[in-house]
file run-v2.csv (CSV, C-alpha atoms (C1' of nucleotides))
chain,number,residue,atom,x,y,z
R,179,MET,CA,-70.1,137.9,-45.2
R,180,GLY,CA,-73.8,137.4,-45.5
R,181,THR,CA,-73.7,134.6,-43.0
R,182,VAL,CA,-71.7,136.5,-40.6
R,183,ALA,CA,-74.1,139.4,-40.8
R,184,LYS,CA,-77.1,137.1,-40.3
R,185,ARG,CA,-75.5,135.5,-37.2
R,186,ALA,CA,-74.7,139.0,-35.9
R,187,GLY,CA,-78.3,140.1,-36.5
R,188,VAL,CA,-77.3,143.0,-38.8
R,189,SER,CA,-77.5,143.7,-42.5
R,190,ARG,CA,-74.8,142.5,-44.8
R,191,GLN,CA,-73.7,146.0,-45.5
R,192,ALA,CA,-73.3,146.8,-41.8
R,193,VAL,CA,-70.4,144.3,-41.7
R,194,TYR,CA,-68.6,146.4,-44.3
R,195,LEU,CA,-68.9,149.4,-42.1
R,196,HIS,CA,-66.6,147.7,-39.6
R,197,PHE,CA,-64.4,145.6,-41.8
R,198,ARG,CA,-63.3,146.6,-45.3
R,199,SER,CA,-63.2,143.0,-46.6
R,200,ARG,CA,-63.6,139.4,-45.8
R,201,ALA,CA,-59.8,139.2,-45.3
R,202,GLU,CA,-59.7,142.1,-42.9
R,203,LEU,CA,-62.5,140.5,-40.8
R,204,ALA,CA,-60.6,137.3,-40.7
R,205,ILE,CA,-57.5,139.1,-39.4
R,206,ALA,CA,-59.5,141.0,-36.8
R,207,VAL,CA,-61.0,137.7,-35.6
R,208,ALA,CA,-57.5,136.2,-35.3
R,209,ARG,CA,-56.3,139.1,-33.2
R,210,TYR,CA,-59.4,139.0,-31.1
R,211,THR,CA,-59.0,135.3,-30.5
R,212,ASP,CA,-55.5,135.7,-29.3
R,213,GLU,CA,-56.6,138.4,-26.9
R,214,LYS,CA,-59.8,136.7,-25.6
R,215,TYR,CA,-58.2,133.4,-25.0
R,216,GLY,CA,-55.3,135.0,-23.2
R,217,LEU,CA,-52.3,134.1,-25.3
R,218,ASP,CA,-50.0,136.0,-22.9
R,219,GLU,CA,-51.2,134.1,-19.9
R,220,ALA,CA,-51.2,130.7,-21.7
R,221,VAL,CA,-47.6,131.2,-22.6
R,222,ARG,CA,-46.4,132.3,-19.1
R,223,PRO,CA,-45.6,128.8,-17.8
R,224,ILE,CA,-43.1,128.4,-20.6
R,225,ALA,CA,-41.2,131.5,-19.5
R,226,GLU,CA,-41.4,130.6,-15.8
R,227,ALA,CA,-39.9,127.2,-16.3
R,228,THR,CA,-36.6,126.8,-14.6
R,229,ASP,CA,-35.2,123.8,-16.4
R,230,ALA,CA,-35.0,122.4,-19.9
R,231,GLU,CA,-37.5,119.5,-19.5
R,232,GLY,CA,-39.9,121.8,-17.6
R,233,MET,CA,-39.8,124.4,-20.3
R,234,LEU,CA,-40.4,121.9,-23.2
R,235,THR,CA,-43.1,120.2,-21.2
R,236,ALA,CA,-44.8,123.6,-20.6
R,237,TYR,CA,-44.5,124.3,-24.4
R,238,ALA,CA,-46.2,121.0,-25.3
R,239,ALA,CA,-48.9,121.7,-22.7
R,240,PHE,CA,-49.5,125.1,-24.2
R,241,LEU,CA,-49.8,123.7,-27.7
R,242,ALA,CA,-52.2,121.0,-26.6
R,243,GLY,CA,-54.4,123.5,-24.8
R,244,TYR,CA,-54.2,126.5,-27.1
R,245,ASN,CA,-54.4,124.9,-30.6
R,246,PRO,CA,-58.0,123.6,-30.2
R,247,ARG,CA,-59.2,127.1,-29.5
R,248,ILE,CA,-57.6,128.8,-32.4
R,249,HIS,CA,-57.3,126.2,-35.1
R,250,LEU,CA,-60.4,127.2,-37.0
R,251,VAL,CA,-59.2,130.8,-37.2
R,252,VAL,CA,-55.7,129.7,-38.2
R,253,ARG,CA,-57.0,127.3,-40.8
R,254,MET,CA,-59.0,130.1,-42.4
R,255,ALA,CA,-56.0,132.4,-42.3
R,256,SER,CA,-53.8,129.8,-44.0
R,257,THR,CA,-56.1,129.5,-47.0
R,258,MET,CA,-56.8,133.3,-47.1
R,259,ARG,CA,-53.1,134.1,-47.2
R,260,ARG,CA,-52.8,132.6,-50.7
R,261,SER,CA,-55.1,135.1,-52.2
R,262,ASP,CA,-54.9,138.2,-50.1
R,263,PRO,CA,-51.7,140.2,-49.5
R,264,ALA,CA,-52.9,141.7,-46.2
R,265,SER,CA,-53.7,138.2,-44.9
R,266,GLU,CA,-50.3,137.0,-46.0
R,267,ALA,CA,-48.7,139.9,-44.1
R,268,ALA,CA,-50.7,139.0,-41.0
R,269,TRP,CA,-49.6,135.4,-41.4
R,270,GLN,CA,-46.0,136.4,-41.7
R,271,ASP,CA,-46.4,138.5,-38.6
R,272,ARG,CA,-47.7,135.6,-36.6
R,273,LEU,CA,-45.0,133.4,-38.0
R,274,ARG,CA,-42.3,135.9,-36.9
R,275,ASN,CA,-43.8,135.9,-33.5
R,276,ARG,CA,-43.8,132.2,-33.1
R,277,ARG,CA,-40.3,132.0,-34.4
R,278,ARG,CA,-39.1,134.6,-32.0
R,279,ASN,CA,-40.6,132.8,-29.1
R,280,ALA,CA,-39.1,129.5,-30.3
R,281,ARG,CA,-35.7,131.2,-30.6
R,282,ARG,CA,-36.0,132.4,-27.0
R,283,MET,CA,-36.6,128.8,-25.9
R,284,ALA,CA,-33.7,127.6,-27.9
R,285,LYS,CA,-31.5,130.2,-26.4
R,286,ARG,CA,-32.5,129.2,-22.9
R,287,LEU,CA,-31.6,125.6,-23.7
R,288,GLN,CA,-28.2,126.9,-24.8
R,289,THR,CA,-27.8,128.9,-21.6
R,290,TRP,CA,-28.6,125.8,-19.6
R,291,GLN,CA,-26.0,123.9,-21.7
R,292,ARG,CA,-28.7,121.4,-22.6
R,293,LEU,CA,-29.0,122.1,-26.4
R,294,ASN,CA,-27.9,119.1,-28.4
R,295,GLY,CA,-24.8,119.7,-30.4
R,296,ASP,CA,-26.4,118.5,-33.6
R,297,PHE,CA,-28.7,121.5,-33.5
R,298,SER,CA,-27.7,125.0,-34.4
R,299,LEU,CA,-29.7,127.7,-32.6
R,300,ARG,CA,-31.6,128.3,-35.8
R,301,THR,CA,-32.4,124.7,-36.5
R,302,ALA,CA,-33.6,124.1,-33.0
R,303,ALA,CA,-35.7,127.2,-33.0
R,304,ASP,CA,-37.3,126.3,-36.4
R,305,TRP,CA,-37.9,122.8,-35.2
R,306,LEU,CA,-39.7,124.1,-32.1
R,307,THR,CA,-41.7,126.5,-34.4
R,308,ALA,CA,-42.8,123.7,-36.7
R,309,LEU,CA,-43.8,121.4,-33.9
R,310,GLY,CA,-46.0,124.2,-32.8
R,311,SER,CA,-47.8,124.6,-36.1
R,312,VAL,CA,-51.6,124.2,-36.1
R,313,ALA,CA,-51.3,122.0,-39.1
R,314,LEU,CA,-49.4,119.4,-37.2
R,315,TRP,CA,-51.9,119.6,-34.3
R,316,GLU,CA,-54.8,119.2,-36.7
R,317,GLU,CA,-53.3,116.2,-38.4
R,318,LEU,CA,-52.5,114.4,-35.1
R,319,VAL,CA,-55.6,115.3,-33.2
R,320,LEU,CA,-58.3,115.8,-35.8
R,321,ASP,CA,-57.3,113.4,-38.5
R,322,LEU,CA,-55.5,110.7,-36.5
R,323,GLY,CA,-57.6,111.0,-33.4
R,324,TRP,CA,-55.0,111.7,-30.8
R,325,SER,CA,-56.2,112.7,-27.4
R,326,HIS,CA,-55.2,116.0,-25.7
R,327,ALA,CA,-52.9,114.0,-23.4
R,328,ARG,CA,-51.3,111.8,-26.1
R,329,PHE,CA,-50.5,114.9,-28.2
R,330,ARG,CA,-49.1,116.8,-25.2
R,331,ASP,CA,-47.0,113.9,-23.9
R,332,THR,CA,-45.6,112.8,-27.3
R,333,ILE,CA,-44.6,116.3,-28.3
R,334,ALA,CA,-43.0,116.9,-24.9
R,335,ARG,CA,-41.1,113.7,-25.0
R,336,ASN,CA,-40.0,114.1,-28.6
R,337,CYS,CA,-38.8,117.7,-28.0
R,338,CYS,CA,-36.7,116.5,-25.0
R,339,ARG,CA,-35.3,113.6,-26.8
R,340,THR,CA,-34.3,115.4,-30.0
R,341,LEU,CA,-33.2,118.8,-28.7
R,342,LEU,CA,-31.5,118.0,-25.4
R,343,THR,CA,-28.2,116.5,-24.3
R,344,ASP,CA,-27.9,114.7,-21.0
R,345,PRO,CA,-27.3,117.2,-18.3
E,271,MET,CA,-61.9,126.4,-64.4
E,272,GLY,CA,-61.7,129.2,-66.9
E,273,THR,CA,-58.0,129.6,-66.4
E,274,VAL,CA,-57.4,125.8,-66.7
E,275,ALA,CA,-59.4,125.9,-70.0
E,276,LYS,CA,-57.4,128.8,-71.3
E,277,ARG,CA,-54.1,127.1,-70.5
E,278,ALA,CA,-55.3,123.9,-72.1
E,279,GLY,CA,-56.3,125.8,-75.2
E,280,VAL,CA,-59.9,124.8,-75.1
E,281,SER,CA,-63.2,126.4,-74.2
E,282,ARG,CA,-64.3,126.6,-70.6
E,283,GLN,CA,-67.2,124.2,-71.3
E,284,ALA,CA,-64.9,121.6,-72.7
E,285,VAL,CA,-63.3,121.1,-69.3
E,286,TYR,CA,-66.8,120.1,-67.9
E,287,LEU,CA,-66.9,117.4,-70.6
E,288,HIS,CA,-64.1,115.7,-68.8
E,289,PHE,CA,-64.5,116.7,-65.2
E,290,ARG,CA,-67.9,117.2,-63.5
E,291,SER,CA,-66.7,119.9,-61.2
E,292,ARG,CA,-63.7,121.7,-60.0
E,293,ALA,CA,-63.3,119.3,-57.1
E,294,GLU,CA,-63.3,116.3,-59.4
E,295,LEU,CA,-60.6,117.9,-61.6
E,296,ALA,CA,-58.5,118.4,-58.5
E,297,ILE,CA,-58.8,114.8,-57.5
E,298,ALA,CA,-57.9,113.7,-61.0
E,299,VAL,CA,-54.8,115.9,-60.9
E,300,ALA,CA,-53.8,114.4,-57.6
E,301,ARG,CA,-54.0,110.9,-58.9
E,302,TYR,CA,-52.2,111.8,-62.1
E,303,THR,CA,-49.4,113.5,-60.1
E,304,ASP,CA,-48.8,110.4,-58.0
E,305,GLU,CA,-48.7,108.3,-61.1
E,306,LYS,CA,-46.5,110.6,-63.2
E,307,TYR,CA,-44.0,111.2,-60.5
E,308,GLY,CA,-43.7,107.5,-59.7
E,309,LEU,CA,-44.8,107.3,-56.1
E,310,ASP,CA,-44.2,103.6,-56.2
E,311,GLU,CA,-40.6,103.9,-57.3
E,312,ALA,CA,-39.9,106.8,-54.9
E,313,VAL,CA,-41.0,104.7,-52.0
E,314,ARG,CA,-39.0,101.6,-52.9
E,315,PRO,CA,-35.8,102.5,-51.1
E,316,ILE,CA,-37.8,102.6,-47.9
E,317,ALA,CA,-39.0,99.0,-48.4
E,318,GLU,CA,-35.6,97.8,-49.4
E,319,ALA,CA,-33.8,99.1,-46.3
E,320,THR,CA,-32.4,96.4,-44.2
E,321,ASP,CA,-32.0,98.2,-40.9
E,322,ALA,CA,-33.8,100.8,-38.8
E,323,GLU,CA,-31.6,103.8,-39.4
E,324,GLY,CA,-31.5,103.0,-43.1
E,325,MET,CA,-35.2,102.8,-43.4
E,326,LEU,CA,-35.9,106.0,-41.5
E,327,THR,CA,-33.2,107.8,-43.5
E,328,ALA,CA,-34.8,106.5,-46.7
E,329,TYR,CA,-38.2,107.8,-45.5
E,330,ALA,CA,-36.8,111.2,-44.8
E,331,ALA,CA,-35.1,111.3,-48.2
E,332,PHE,CA,-38.4,110.3,-49.9
E,333,LEU,CA,-40.2,113.1,-48.1
E,334,ALA,CA,-37.6,115.7,-49.0
E,335,GLY,CA,-37.7,114.6,-52.6
E,336,TYR,CA,-41.4,114.0,-53.2
E,337,ASN,CA,-43.1,116.8,-51.2
E,338,PRO,CA,-41.8,119.6,-53.5
E,339,ARG,CA,-43.4,117.9,-56.4
E,340,ILE,CA,-46.8,117.4,-54.9
E,341,HIS,CA,-47.2,120.1,-52.4
E,342,LEU,CA,-49.3,122.4,-54.6
E,343,VAL,CA,-51.8,119.7,-55.4
E,344,VAL,CA,-52.0,118.6,-51.8
E,345,ARG,CA,-52.5,122.1,-50.6
E,346,MET,CA,-55.3,122.5,-53.0
E,347,ALA,CA,-56.9,119.3,-51.8
E,348,SER,CA,-56.5,120.3,-48.2
E,349,THR,CA,-58.7,123.4,-48.8
E,350,MET,CA,-61.1,121.7,-51.1
E,351,ARG,CA,-61.9,118.9,-48.6
E,352,ARG,CA,-63.6,121.4,-46.3
E,353,SER,CA,-66.3,122.1,-48.8
E,354,ASP,CA,-66.6,119.1,-51.1
E,355,PRO,CA,-67.5,115.6,-49.8
E,356,ALA,CA,-65.8,113.8,-52.7
E,357,SER,CA,-62.6,115.7,-52.0
E,358,GLU,CA,-62.8,114.8,-48.3
E,359,ALA,CA,-63.2,111.2,-49.3
E,360,ALA,CA,-60.2,111.4,-51.5
E,361,TRP,CA,-58.2,113.0,-48.7
E,362,GLN,CA,-59.2,110.3,-46.3
E,363,ASP,CA,-58.2,107.7,-48.8
E,364,ARG,CA,-54.7,109.3,-49.1
E,365,LEU,CA,-54.4,109.6,-45.4
E,366,ARG,CA,-55.3,105.9,-44.9
E,367,ASN,CA,-52.6,105.1,-47.4
E,368,ARG,CA,-50.0,107.2,-45.7
E,369,ARG,CA,-51.0,105.6,-42.4
E,370,ARG,CA,-50.8,102.1,-43.6
E,371,ASN,CA,-47.3,102.7,-45.0
E,372,ALA,CA,-46.2,104.3,-41.7
E,373,ARG,CA,-47.6,101.4,-39.8
E,374,ARG,CA,-45.6,99.0,-41.9
E,375,MET,CA,-42.5,101.0,-41.1
E,376,ALA,CA,-43.3,100.9,-37.4
E,377,LYS,CA,-43.9,97.1,-37.6
E,378,ARG,CA,-40.5,96.6,-39.1
E,379,LEU,CA,-38.9,98.6,-36.3
E,380,GLN,CA,-40.7,96.3,-33.9
E,381,THR,CA,-39.4,93.2,-35.8
E,382,TRP,CA,-35.9,94.5,-35.6
E,383,GLN,CA,-36.5,95.1,-31.9
E,384,ARG,CA,-35.6,98.7,-32.3
E,385,LEU,CA,-38.9,100.4,-31.5
E,386,ASN,CA,-38.6,102.6,-28.4
E,387,GLY,CA,-40.6,101.2,-25.5
E,388,ASP,CA,-42.3,104.6,-25.0
E,389,PHE,CA,-44.1,104.2,-28.3
E,390,SER,CA,-47.0,101.9,-29.0
E,391,LEU,CA,-47.2,100.7,-32.6
E,392,ARG,CA,-50.0,103.1,-33.2
E,393,THR,CA,-48.3,106.1,-31.8
E,394,ALA,CA,-45.1,105.4,-33.7
E,395,ALA,CA,-47.1,104.9,-36.9
E,396,ASP,CA,-49.1,108.1,-36.4
E,397,TRP,CA,-45.9,110.1,-35.6
E,398,LEU,CA,-44.3,108.9,-38.8
E,399,THR,CA,-47.5,109.8,-40.6
E,400,ALA,CA,-47.5,113.3,-39.2
E,401,LEU,CA,-43.8,113.9,-39.9
E,402,GLY,CA,-44.6,113.1,-43.5
E,403,SER,CA,-47.4,115.6,-43.8
E,404,VAL,CA,-47.0,118.2,-46.6
E,405,ALA,CA,-48.0,120.9,-44.1
E,406,LEU,CA,-44.9,120.2,-42.0
E,407,TRP,CA,-42.7,120.2,-45.1
E,408,GLU,CA,-44.3,123.5,-46.3
E,409,GLU,CA,-43.7,125.2,-43.0
E,410,LEU,CA,-40.1,124.2,-42.7
E,411,VAL,CA,-39.0,124.5,-46.3
E,412,LEU,CA,-41.3,127.2,-47.7
E,413,ASP,CA,-42.0,129.4,-44.7
E,414,LEU,CA,-38.8,128.9,-42.6
E,415,GLY,CA,-36.4,128.5,-45.6
E,416,TRP,CA,-34.9,125.1,-44.8
E,417,SER,CA,-32.9,123.5,-47.6
E,418,HIS,CA,-33.7,120.1,-49.0
E,419,ALA,CA,-30.7,118.7,-47.1
E,420,ARG,CA,-31.5,120.3,-43.8
E,421,PHE,CA,-35.0,119.1,-44.0
E,422,ARG,CA,-34.0,115.6,-44.9
E,423,ASP,CA,-31.3,115.3,-42.3
E,424,THR,CA,-33.2,116.8,-39.5
E,425,ILE,CA,-36.2,114.6,-40.1
E,426,ALA,CA,-34.0,111.5,-40.4
E,427,ARG,CA,-32.1,112.3,-37.2
E,428,ASN,CA,-35.2,113.1,-35.3
E,429,CYS,CA,-37.0,110.0,-36.4
E,430,CYS,CA,-34.1,107.9,-35.3
E,431,ARG,CA,-33.6,109.7,-32.0
E,432,THR,CA,-37.3,109.6,-31.0
E,433,LEU,CA,-38.4,106.2,-32.2
E,434,LEU,CA,-35.4,104.0,-31.8
E,435,THR,CA,-33.8,102.2,-28.9
E,436,ASP,CA,-30.1,101.5,-28.9
E,437,PRO,CA,-29.5,98.1,-30.7
L,110,DT,C1',-83.1,169.9,-30.5
L,111,DC,C1',-80.0,168.6,-33.6
L,112,DA,C1',-75.5,166.6,-35.4
L,113,DG,C1',-73.4,162.6,-36.1
L,114,DA,C1',-72.7,157.7,-35.8
L,115,DA,C1',-74.6,153.4,-36.8
L,116,DC,C1',-77.5,151.2,-39.3
L,117,DT,C1',-81.0,149.9,-43.2
L,118,DT,C1',-82.7,149.2,-47.9
L,119,DG,C1',-82.0,148.5,-52.5
L,120,DA,C1',-79.4,148.7,-56.6
L,121,DC,C1',-75.4,147.6,-59.1
L,122,DA,C1',-70.7,145.8,-60.9
L,123,DT,C1',-67.8,141.9,-61.1
L,124,DA,C1',-66.3,137.2,-61.0
L,125,DG,C1',-66.7,132.4,-60.5
L,126,DT,C1',-69.2,127.8,-60.8
L,127,DG,C1',-72.1,124.9,-63.0
L,128,DT,C1',-76.2,123.8,-66.5
L,129,DA,C1',-78.4,123.7,-71.0
L,130,DA,C1',-78.9,123.7,-75.8
L,131,DA,C1',-77.9,124.1,-80.5
L,132,DG,C1',-74.3,124.0,-83.9
L,133,DT,C1',-69.5,122.6,-85.9
L,134,DT,C1',-65.7,119.5,-87.0
L,135,DG,C1',-63.2,115.5,-87.9
L,136,DC,C1',-62.7,110.8,-88.1
L,137,DA,C1',-63.7,105.9,-88.6
L,138,DA,C1',-66.5,102.1,-89.7
L,139,DA,C1',-70.3,100.3,-92.7
Q,263,DT,C1',-69.0,107.7,-99.8
Q,264,DT,C1',-71.9,108.3,-96.4
Q,265,DT,C1',-73.2,108.4,-92.0
Q,266,DG,C1',-73.0,108.5,-87.3
Q,267,DC,C1',-70.6,109.7,-83.2
Q,268,DA,C1',-67.4,111.9,-80.1
Q,269,DA,C1',-65.2,116.0,-79.0
Q,270,DC,C1',-65.6,120.4,-79.2
Q,271,DT,C1',-67.6,125.4,-79.8
Q,272,DT,C1',-70.6,129.3,-78.9
Q,273,DT,C1',-74.1,131.4,-76.5
Q,274,DA,C1',-77.0,132.1,-72.8
Q,275,DC,C1',-78.6,131.5,-68.3
Q,276,DA,C1',-79.0,130.6,-63.1
Q,277,DC,C1',-76.9,131.0,-58.8
Q,278,DT,C1',-73.7,132.6,-55.3
Q,279,DA,C1',-70.4,135.6,-53.3
Q,280,DT,C1',-67.7,139.9,-52.8
Q,281,DG,C1',-67.6,144.5,-52.7
Q,282,DT,C1',-69.4,149.5,-53.9
Q,283,DC,C1',-72.6,153.3,-53.9
Q,284,DA,C1',-76.3,156.2,-52.5
Q,285,DA,C1',-80.3,157.7,-50.1
Q,286,DG,C1',-82.9,157.2,-46.1
Q,287,DT,C1',-83.8,155.9,-41.0
Q,288,DT,C1',-82.9,155.6,-36.0
Q,289,DC,C1',-80.8,156.5,-31.8
Q,290,DT,C1',-78.0,159.0,-28.6
Q,291,DG,C1',-75.5,162.3,-26.3
Q,292,DA,C1',-73.9,167.1,-26.2
call {"tool": "encode", "arguments": {"input": "run-v2.csv", "output": "structure tokens"}}
result
Amino acid sequence: MGTVAKRAGVSRQAVYLHFRSRAELAIAVARYTDEKYGLDEAVRPIAEATDAEGMLTAYAAFLAGYNPRIHLVVRMASTMRRSDPASEAAWQDRLRNRRRNARRMAKRLQTWQRLNGDFSLRTAADWLTALGSVALWEELVLDLGWSHARFRDTIARNCCRTLLTDP
Amino acid sequence: MGTVAKRAGVSRQAVYLHFRSRAELAIAVARYTDEKYGLDEAVRPIAEATDAEGMLTAYAAFLAGYNPRIHLVVRMASTMRRSDPASEAAWQDRLRNRRRNARRMAKRLQTWQRLNGDFSLRTAADWLTALGSVALWEELVLDLGWSHARFRDTIARNCCRTLLTDP
DNA sequence: TCAGAACTTGACATAGTGTAAAGTTGCAAA
DNA sequence: TTTGCAACTTTACACTATGTCAAGTTCTGA
């Protein structure tokens, strides 16, 4: 909190006038990040896709583009959740959101009759959720040195190959 | 450190007689865990597999069985690495190991002429590495409630479907 | 002009990590 | 039996961080 205050050019106490605790500040930063970087807009191409391959490709492109912007905040949240109940709640909230969106995608695959028979709706949705986790992105891009394009294309291809049946 | 000491039935200072710092203790615990839970043995079925599907299935079974035992230690290490250089080094060491093993698997797929042409050796190895990350396991099993079997089977099936060509 | 919001300064409580030093205990080899 | 050492204890301290409290300042808009 001291460092944050210094960088903001205010006293350490002033930070506590706006955020009750370190955890609450972190949550606020996460919300702000989603807002500032236009999550809604970034997600639009997924909803606007008209076929299975297009949708999954849009999803992969979204992950490749959005994760680099939010991964530091998400990483902080993922450590914070272990010690702070409010942070855990915020994390669960975000997870529910990701899961709902993934479920929506899975449903559309079903509608298009492209969902592989090996996958239940739930398994497909959860798999899409997990492939969208920041942790996976961090491992591939930060630790293993994958480029933006390699990540995007591999995720897209693997989504298509695992989840889809031939049309 | 205080809690560790209490649970061990010694004074807090006694812990520092054995481990220089919290980070060093964590690293020692990680090493001990790999030893105690028989990493070498757990991995053997992968090496002993004689075909591509068998090997990838053994890998998935290993992940499903081993991750629950080590995930708490690994989670601790993954937060620790951000603040402690020795922890970061230990993490990198473990990552190199996982990567080498994954590369070995990818090479065998190549030898069997079963590696999908879309994958370079490196991409295949990295993908296997990332699918083996504790973070992915935690998200699917702990956060999304997947059973041991669902995790194992889905990982196995997806490995086969993405990485392999038809024989 | 003055009430209130935003901020400052300074002090304090609490908790955790790590260091230092002096004293205790138990055991094993000379 | 003694002695010397390793492991451990107790106590105290330095440092850092979070979070609370209270009194005082500054700026702004009604």
call {"tool": "interface_residues", "arguments": {"input": "run-v2.csv", "of": "chain R", "to": "chain E", "cutoff": "8 Å", "atoms": "all atoms listed in the file", "output": "PyMOL selection string"}}
result
chain R and resi 257+304-305+308+311+313-314+317-318+322+336+339-340
call {"tool": "residues_around", "arguments": {"input": "run-v2.csv", "residues": "DT265 (chain Q)", "least_positions_apart": "5", "cutoff": "12 Å", "atoms": "only C-alpha atoms (C1' of nucleotides)", "output": "mmCIF file with C-alpha atoms (C1' of nucleotides), keeping the file's coordinate frame"}}
result
data_model
loop_
_atom_site.group_PDB
_atom_site.id
_atom_site.type_symbol
_atom_site.label_atom_id
_atom_site.label_comp_id
_atom_site.auth_asym_id
_atom_site.auth_seq_id
_atom_site.Cartn_x
_atom_site.Cartn_y
_atom_site.Cartn_z
ATOM 1 C "C1'" DC L 136 -62.700 110.800 -88.100
ATOM 2 C "C1'" DA L 137 -63.700 105.900 -88.600
ATOM 3 C "C1'" DA L 138 -66.500 102.100 -89.700
ATOM 4 C "C1'" DA L 139 -70.300 100.300 -92.700
#
call {"tool": "closest_atom_pairs", "arguments": {"input": "run-v2.csv", "of": "chain E", "to": "chain L", "cutoff": "10 Å", "atoms": "all atoms listed in the file", "output": "tab-separated table"}}
result
residue	atom	partner	partner_atom	distance
E:Met271	CA	L:DT126	C1'	8.3
E:Gly272	CA	L:DG125	C1'	8.7
E:Gln283	CA	L:DG127	C1'	9.7
E:Tyr286	CA	L:DG127	C1'	8.7
E:Arg290	CA	L:DG127	C1'	8.8
E:Ser291	CA	L:DG127	C1'	7.6
E:Arg292	CA	L:DT126	C1'	8.3
call {"tool": "atom_distance", "arguments": {"input": "run-v2.csv", "atom1": "CA of Ala204 (chain R)", "atom2": "CA of Asn279 (chain R)"}}
result
23.6 Å
call {"tool": "residues_around", "arguments": {"input": "run-v2.csv", "residues": "Val274 (chain E)", "least_positions_apart": "6", "cutoff": "9 Å", "atoms": "only C-alpha atoms (C1' of nucleotides)", "output": "VMD selection string"}}
result
chain E and resid 280 282 285
call {"tool": "atom_distance", "arguments": {"input": "run-v2.csv", "atom1": "CA of Leu234 (chain R)", "atom2": "CA of Pro437 (chain E)"}}
result
27.2 Å
call {"tool": "interface_residues", "arguments": {"input": "run-v2.csv", "of": "chain Q", "to": "chain E", "cutoff": "12 Å", "atoms": "all atoms listed in the file", "output": "number ranges by chain"}}
result
Q: 268-273
call {"tool": "residues_near_point", "arguments": {"input": "run-v2.csv", "point": "(-38.7, 127.7, -23.8)", "cutoff": "6 Å", "atoms": "only C-alpha atoms (C1' of nucleotides)", "output": "ChimeraX atom specification"}}
result
/R:224,233,283
call {"tool": "residues_around", "arguments": {"input": "run-v2.csv", "residues": "Asp344 (chain R)", "least_positions_apart": "4", "cutoff": "12 Å", "atoms": "all atoms listed in the file", "output": "NGL selection string"}}
result
:R and (230-231 or 287 or 290-295 or 338-340)
call {"tool": "atom_distance", "arguments": {"input": "run-v2.csv", "atom1": "CA of Ala319 (chain E)", "atom2": "CA of Arg378 (chain E)"}}
result
10.1 Å
